[in-house]
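Okay, so here's the structure we're looking at.
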Amino acid sequence: MLKELSWNLRKKMIGFCPLASGSKGNCLYIGTEKTKLLIDAGVSIKVLEERLKLIGVNLHQIDAVIITHELTDHIKGLERLTCKGQIPVFVNSDTACAITSYVKKTPRFKIFSTGEYFSFGDIEILPFSIPHDAADPVGFTIHLEGLKIGICADLGFVSTSIVQILKECDYLYVEANHQPSMVYASARPAIYKQRVLGRQGHLSNEECSFLIEQIFHPNLKQIYLAHLSSECNHPDRALETIQKKLKLLQADTKVSIAFQEHCSQPVLF
């Protein structure tokens, strides 16, 4: 569990922190002195408030939400969050259309074009296309404080364009969803197994390892392993796979899990 942070951090949380990651809900925090963003809002307002408080951020300080795609574990808390504060929600047009079918009150959408940079406050964002079973799902690279953060989860395979986009990241949040042998051995129905293992499903530990190998460079400071399956993976298994790859690369990059049930340890800029 995340320990109470120092007074300086609680005053101005300038950094990056996965607040929740997994099939029960996803939400990430990114903040500078001027701008505080959430990527996805897949947890309840109560959970969101509690986890933001742990990193010294008040919900009312959030300036905007950026959405990767419209599946429930990424937008579950969006309607209440945006109704409460009327904050802007950055999405592409297909995702905006899909979200309107889930909510009673349409959020204040700000539409971006997938593949084109846009800015909000002092943060620059590049949304890029990823293969997943949603309307127009995206990952992001986030540029702030002279740093590049890669956000890449919920994807069925790694394309050459994704590899190119994620090169030179200082920090990486990347999916390590499952171990294929555990998927096959699980009691889940065949349609679930086909979805998870398919080209619009989720990355395995080994596929995550392959992606990291392709984009690794000496200044890659930290990797968060995201969206781990509670039934078809285990944190130790995921960490072992990635740490083995980093050892072969002679890297000292820090690797940690992006947790579902509590905040991960934040990165301070």
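Order determines the names: the first chain of the structure tokens is A, the second B, and so forth; residues in each chain are numbered 1 upward, and ligands are numbered 1 upward as they are shown.
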* To do: List the neighbours of region 180-189 of chain A out to 12 Å using only C-alpha atoms; skip same-chain residues closer than 6 positions along the sequence, and give me the result as JSON, numbers by chain.
  => {"A": [195, 196, 197, 198, 202, 203, 204, 205, 206, 207, 229, 230, 231, 232, 233, 234, 237, 238]}
Based on the selection just made, write C-alpha atoms of those residues as a PDB file, in the first residue's frame.
```pdb
ATOM      1  CA  ARG A 195     -10.899 -12.559 -27.280  1.00  0.00           C
ATOM      2  CA  VAL A 196      -7.981 -12.241 -24.869  1.00  0.00           C
ATOM      3  CA  LEU A 197      -5.578 -14.148 -27.104  1.00  0.00           C
ATOM      4  CA  GLY A 198      -6.780 -12.556 -30.352  1.00  0.00           C
ATOM      5  CA  HIS A 202      -4.598  -8.110 -24.729  1.00  0.00           C
ATOM      6  CA  LEU A 203      -0.817  -8.423 -24.590  1.00  0.00           C
ATOM      7  CA  SER A 204       0.773 -11.418 -22.887  1.00  0.00           C
ATOM      8  CA  ASN A 205       3.828 -11.194 -20.667  1.00  0.00           C
ATOM      9  CA  GLU A 206       6.050 -12.353 -23.530  1.00  0.00           C
ATOM     10  CA  GLU A 207       4.524  -9.881 -25.987  1.00  0.00           C
ATOM     11  CA  SER A 229      -5.396 -10.413 -15.233  1.00  0.00           C
ATOM     12  CA  SER A 230      -6.270 -11.557 -11.708  1.00  0.00           C
ATOM     13  CA  GLU A 231      -7.003 -15.085 -12.935  1.00  0.00           C
ATOM     14  CA  CYS A 232      -4.669 -15.573 -15.902  1.00  0.00           C
ATOM     15  CA  ASN A 233      -1.509 -13.903 -14.651  1.00  0.00           C
ATOM     16  CA  HIS A 234       0.424 -13.230 -11.468  1.00  0.00           C
ATOM     17  CA  ARG A 237       5.225 -14.063 -13.239  1.00  0.00           C
ATOM     18  CA  ALA A 238       4.945 -10.772 -15.099  1.00  0.00           C
TER      19      ALA A 238
END
```
* Using DSSP on the backbone, list every residue of region 82-261 of chain A that comes out as helix (DSSP H, G or I), and give them as a VMD selection string. => chain A and resid 82 to 85 93 to 100 160 to 166 180 to 185 190 to 197 205 to 215 235 to 248
How would the residues just chosen look if you wrote them out with C-alpha atoms as a PDB file, in the first residue's frame?
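The resulting file, again-v3.pdb, is reproduced below:
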```
ATOM      1  CA  THR A  82     -17.846  15.369 -15.411  1.00  0.00           C
ATOM      2  CA  CYS A  83     -21.298  16.269 -14.102  1.00  0.00           C
ATOM      3  CA  LYS A  84     -19.746  17.284 -10.808  1.00  0.00           C
ATOM      4  CA  GLY A  85     -17.091  19.549 -12.226  1.00  0.00           C
ATOM      5  CA  SER A  93     -14.989  11.284 -32.478  1.00  0.00           C
ATOM      6  CA  ASP A  94     -15.765   7.547 -32.655  1.00  0.00           C
ATOM      7  CA  THR A  95     -15.118   7.108 -28.941  1.00  0.00           C
ATOM      8  CA  ALA A  96     -17.283  10.147 -28.156  1.00  0.00           C
ATOM      9  CA  CYS A  97     -20.161   8.629 -30.132  1.00  0.00           C
ATOM     10  CA  ALA A  98     -19.730   5.315 -28.336  1.00  0.00           C
ATOM     11  CA  ILE A  99     -19.674   6.955 -24.901  1.00  0.00           C
ATOM     12  CA  THR A 100     -22.966   8.750 -25.515  1.00  0.00           C
ATOM     13  CA  THR A 160       5.630  -1.517 -36.108  1.00  0.00           C
ATOM     14  CA  SER A 161       4.011   1.923 -35.827  1.00  0.00           C
ATOM     15  CA  ILE A 162       3.449   1.442 -32.085  1.00  0.00           C
ATOM     16  CA  VAL A 163       7.108   0.501 -31.658  1.00  0.00           C
ATOM     17  CA  GLN A 164       8.204   3.655 -33.462  1.00  0.00           C
ATOM     18  CA  ILE A 165       5.904   5.903 -31.441  1.00  0.00           C
ATOM     19  CA  LEU A 166       7.043   4.506 -28.085  1.00  0.00           C
ATOM     20  CA  PRO A 180      -1.221 -17.808 -22.386  1.00  0.00           C
ATOM     21  CA  SER A 181      -0.879 -21.154 -20.586  1.00  0.00           C
ATOM     22  CA  MET A 182      -2.943 -19.755 -17.709  1.00  0.00           C
ATOM     23  CA  VAL A 183      -5.611 -18.525 -20.129  1.00  0.00           C
ATOM     24  CA  TYR A 184      -5.932 -21.982 -21.690  1.00  0.00           C
ATOM     25  CA  ALA A 185      -6.033 -23.633 -18.250  1.00  0.00           C
ATOM     26  CA  ALA A 190     -13.948 -20.282 -25.010  1.00  0.00           C
ATOM     27  CA  ILE A 191     -15.173 -16.907 -26.317  1.00  0.00           C
ATOM     28  CA  TYR A 192     -13.255 -15.141 -23.533  1.00  0.00           C
ATOM     29  CA  LYS A 193     -10.089 -17.060 -24.340  1.00  0.00           C
ATOM     30  CA  GLN A 194     -10.406 -16.250 -28.034  1.00  0.00           C
ATOM     31  CA  ARG A 195     -10.899 -12.559 -27.280  1.00  0.00           C
ATOM     32  CA  VAL A 196      -7.981 -12.241 -24.869  1.00  0.00           C
ATOM     33  CA  LEU A 197      -5.578 -14.148 -27.104  1.00  0.00           C
ATOM     34  CA  ASN A 205       3.828 -11.194 -20.667  1.00  0.00           C
ATOM     35  CA  GLU A 206       6.050 -12.353 -23.530  1.00  0.00           C
ATOM     36  CA  GLU A 207       4.524  -9.881 -25.987  1.00  0.00           C
ATOM     37  CA  CYS A 208       5.098  -7.113 -23.453  1.00  0.00           C
ATOM     38  CA  SER A 209       8.700  -8.290 -23.148  1.00  0.00           C
ATOM     39  CA  PHE A 210       9.097  -8.159 -26.927  1.00  0.00           C
ATOM     40  CA  LEU A 211       7.759  -4.591 -27.050  1.00  0.00           C
ATOM     41  CA  ILE A 212      10.149  -3.480 -24.317  1.00  0.00           C
ATOM     42  CA  GLU A 213      13.063  -5.047 -26.158  1.00  0.00           C
ATOM     43  CA  GLN A 214      12.142  -3.122 -29.318  1.00  0.00           C
ATOM     44  CA  ILE A 215      11.940   0.279 -27.652  1.00  0.00           C
ATOM     45  CA  PRO A 235       2.524 -10.180 -10.575  1.00  0.00           C
ATOM     46  CA  ASP A 236       5.583 -12.336  -9.867  1.00  0.00           C
ATOM     47  CA  ARG A 237       5.225 -14.063 -13.239  1.00  0.00           C
ATOM     48  CA  ALA A 238       4.945 -10.772 -15.099  1.00  0.00           C
ATOM     49  CA  LEU A 239       7.858  -9.201 -13.225  1.00  0.00           C
ATOM     50  CA  GLU A 240      10.050 -12.252 -13.783  1.00  0.00           C
ATOM     51  CA  THR A 241       9.439 -12.173 -17.537  1.00  0.00           C
ATOM     52  CA  ILE A 242      10.262  -8.492 -17.918  1.00  0.00           C
ATOM     53  CA  GLN A 243      13.177  -8.482 -15.503  1.00  0.00           C
ATOM     54  CA  LYS A 244      14.711 -11.409 -17.379  1.00  0.00           C
ATOM     55  CA  LYS A 245      14.513  -9.393 -20.608  1.00  0.00           C
ATOM     56  CA  LEU A 246      16.006  -6.298 -18.984  1.00  0.00           C
ATOM     57  CA  LYS A 247      18.855  -8.370 -17.600  1.00  0.00           C
ATOM     58  CA  LEU A 248      19.658  -9.576 -21.113  1.00  0.00           C
TER      59      LEU A 248
END
```
* Shell around region 49-52 of chain A at 12 Å using only C-alpha atoms, local window under 2 positions removed, as a PyMOL selection string -> chain A and resi 1-5+10+12-13+16-20+27-31+36-38+41+43-47+54-62+77+81+259-266
* To do: Just give me the gap between CA of His217 (chain A) and CA of Ile66 (chain A) in Å, one decimal is fine.
  => 27.4 Å
* What does the distance from CA of Lys148 (chain A) to CA of Asn219 (chain A) come to in Å, to one decimal? ->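 Pair CA of Lys148 (chain A) / CA of Asn219 (chain A) returns 10.7 Å.
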* Can you list every residue in region 102-267 of chain A that DSSP puts in strand (DSSP E), as a ChimeraX atom specification? -> /A:108-111,118-120,123-129,138-144,147-152,171-175,222-226,254-257,267
* **Computed interatomic separation between CA of Gln179 (chain A) and CA of Gly156 (chain A) (Å)** =>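 Between these atoms lies a distance of 13.5 Å.
Residue nearest Ser119 (chain A) within the list A:Cys152, A:Leu78, A:Ile67, A:Leu144: A:Leu144 [criterion: smallest interatomic distance, only C-alpha atoms].
When only C-alpha atoms are used to measure the gap to Gln200 (chain A), the shortest distance among A:Leu155, A:Leu249, A:Ala64, A:Ala258 belongs to A:Leu155.
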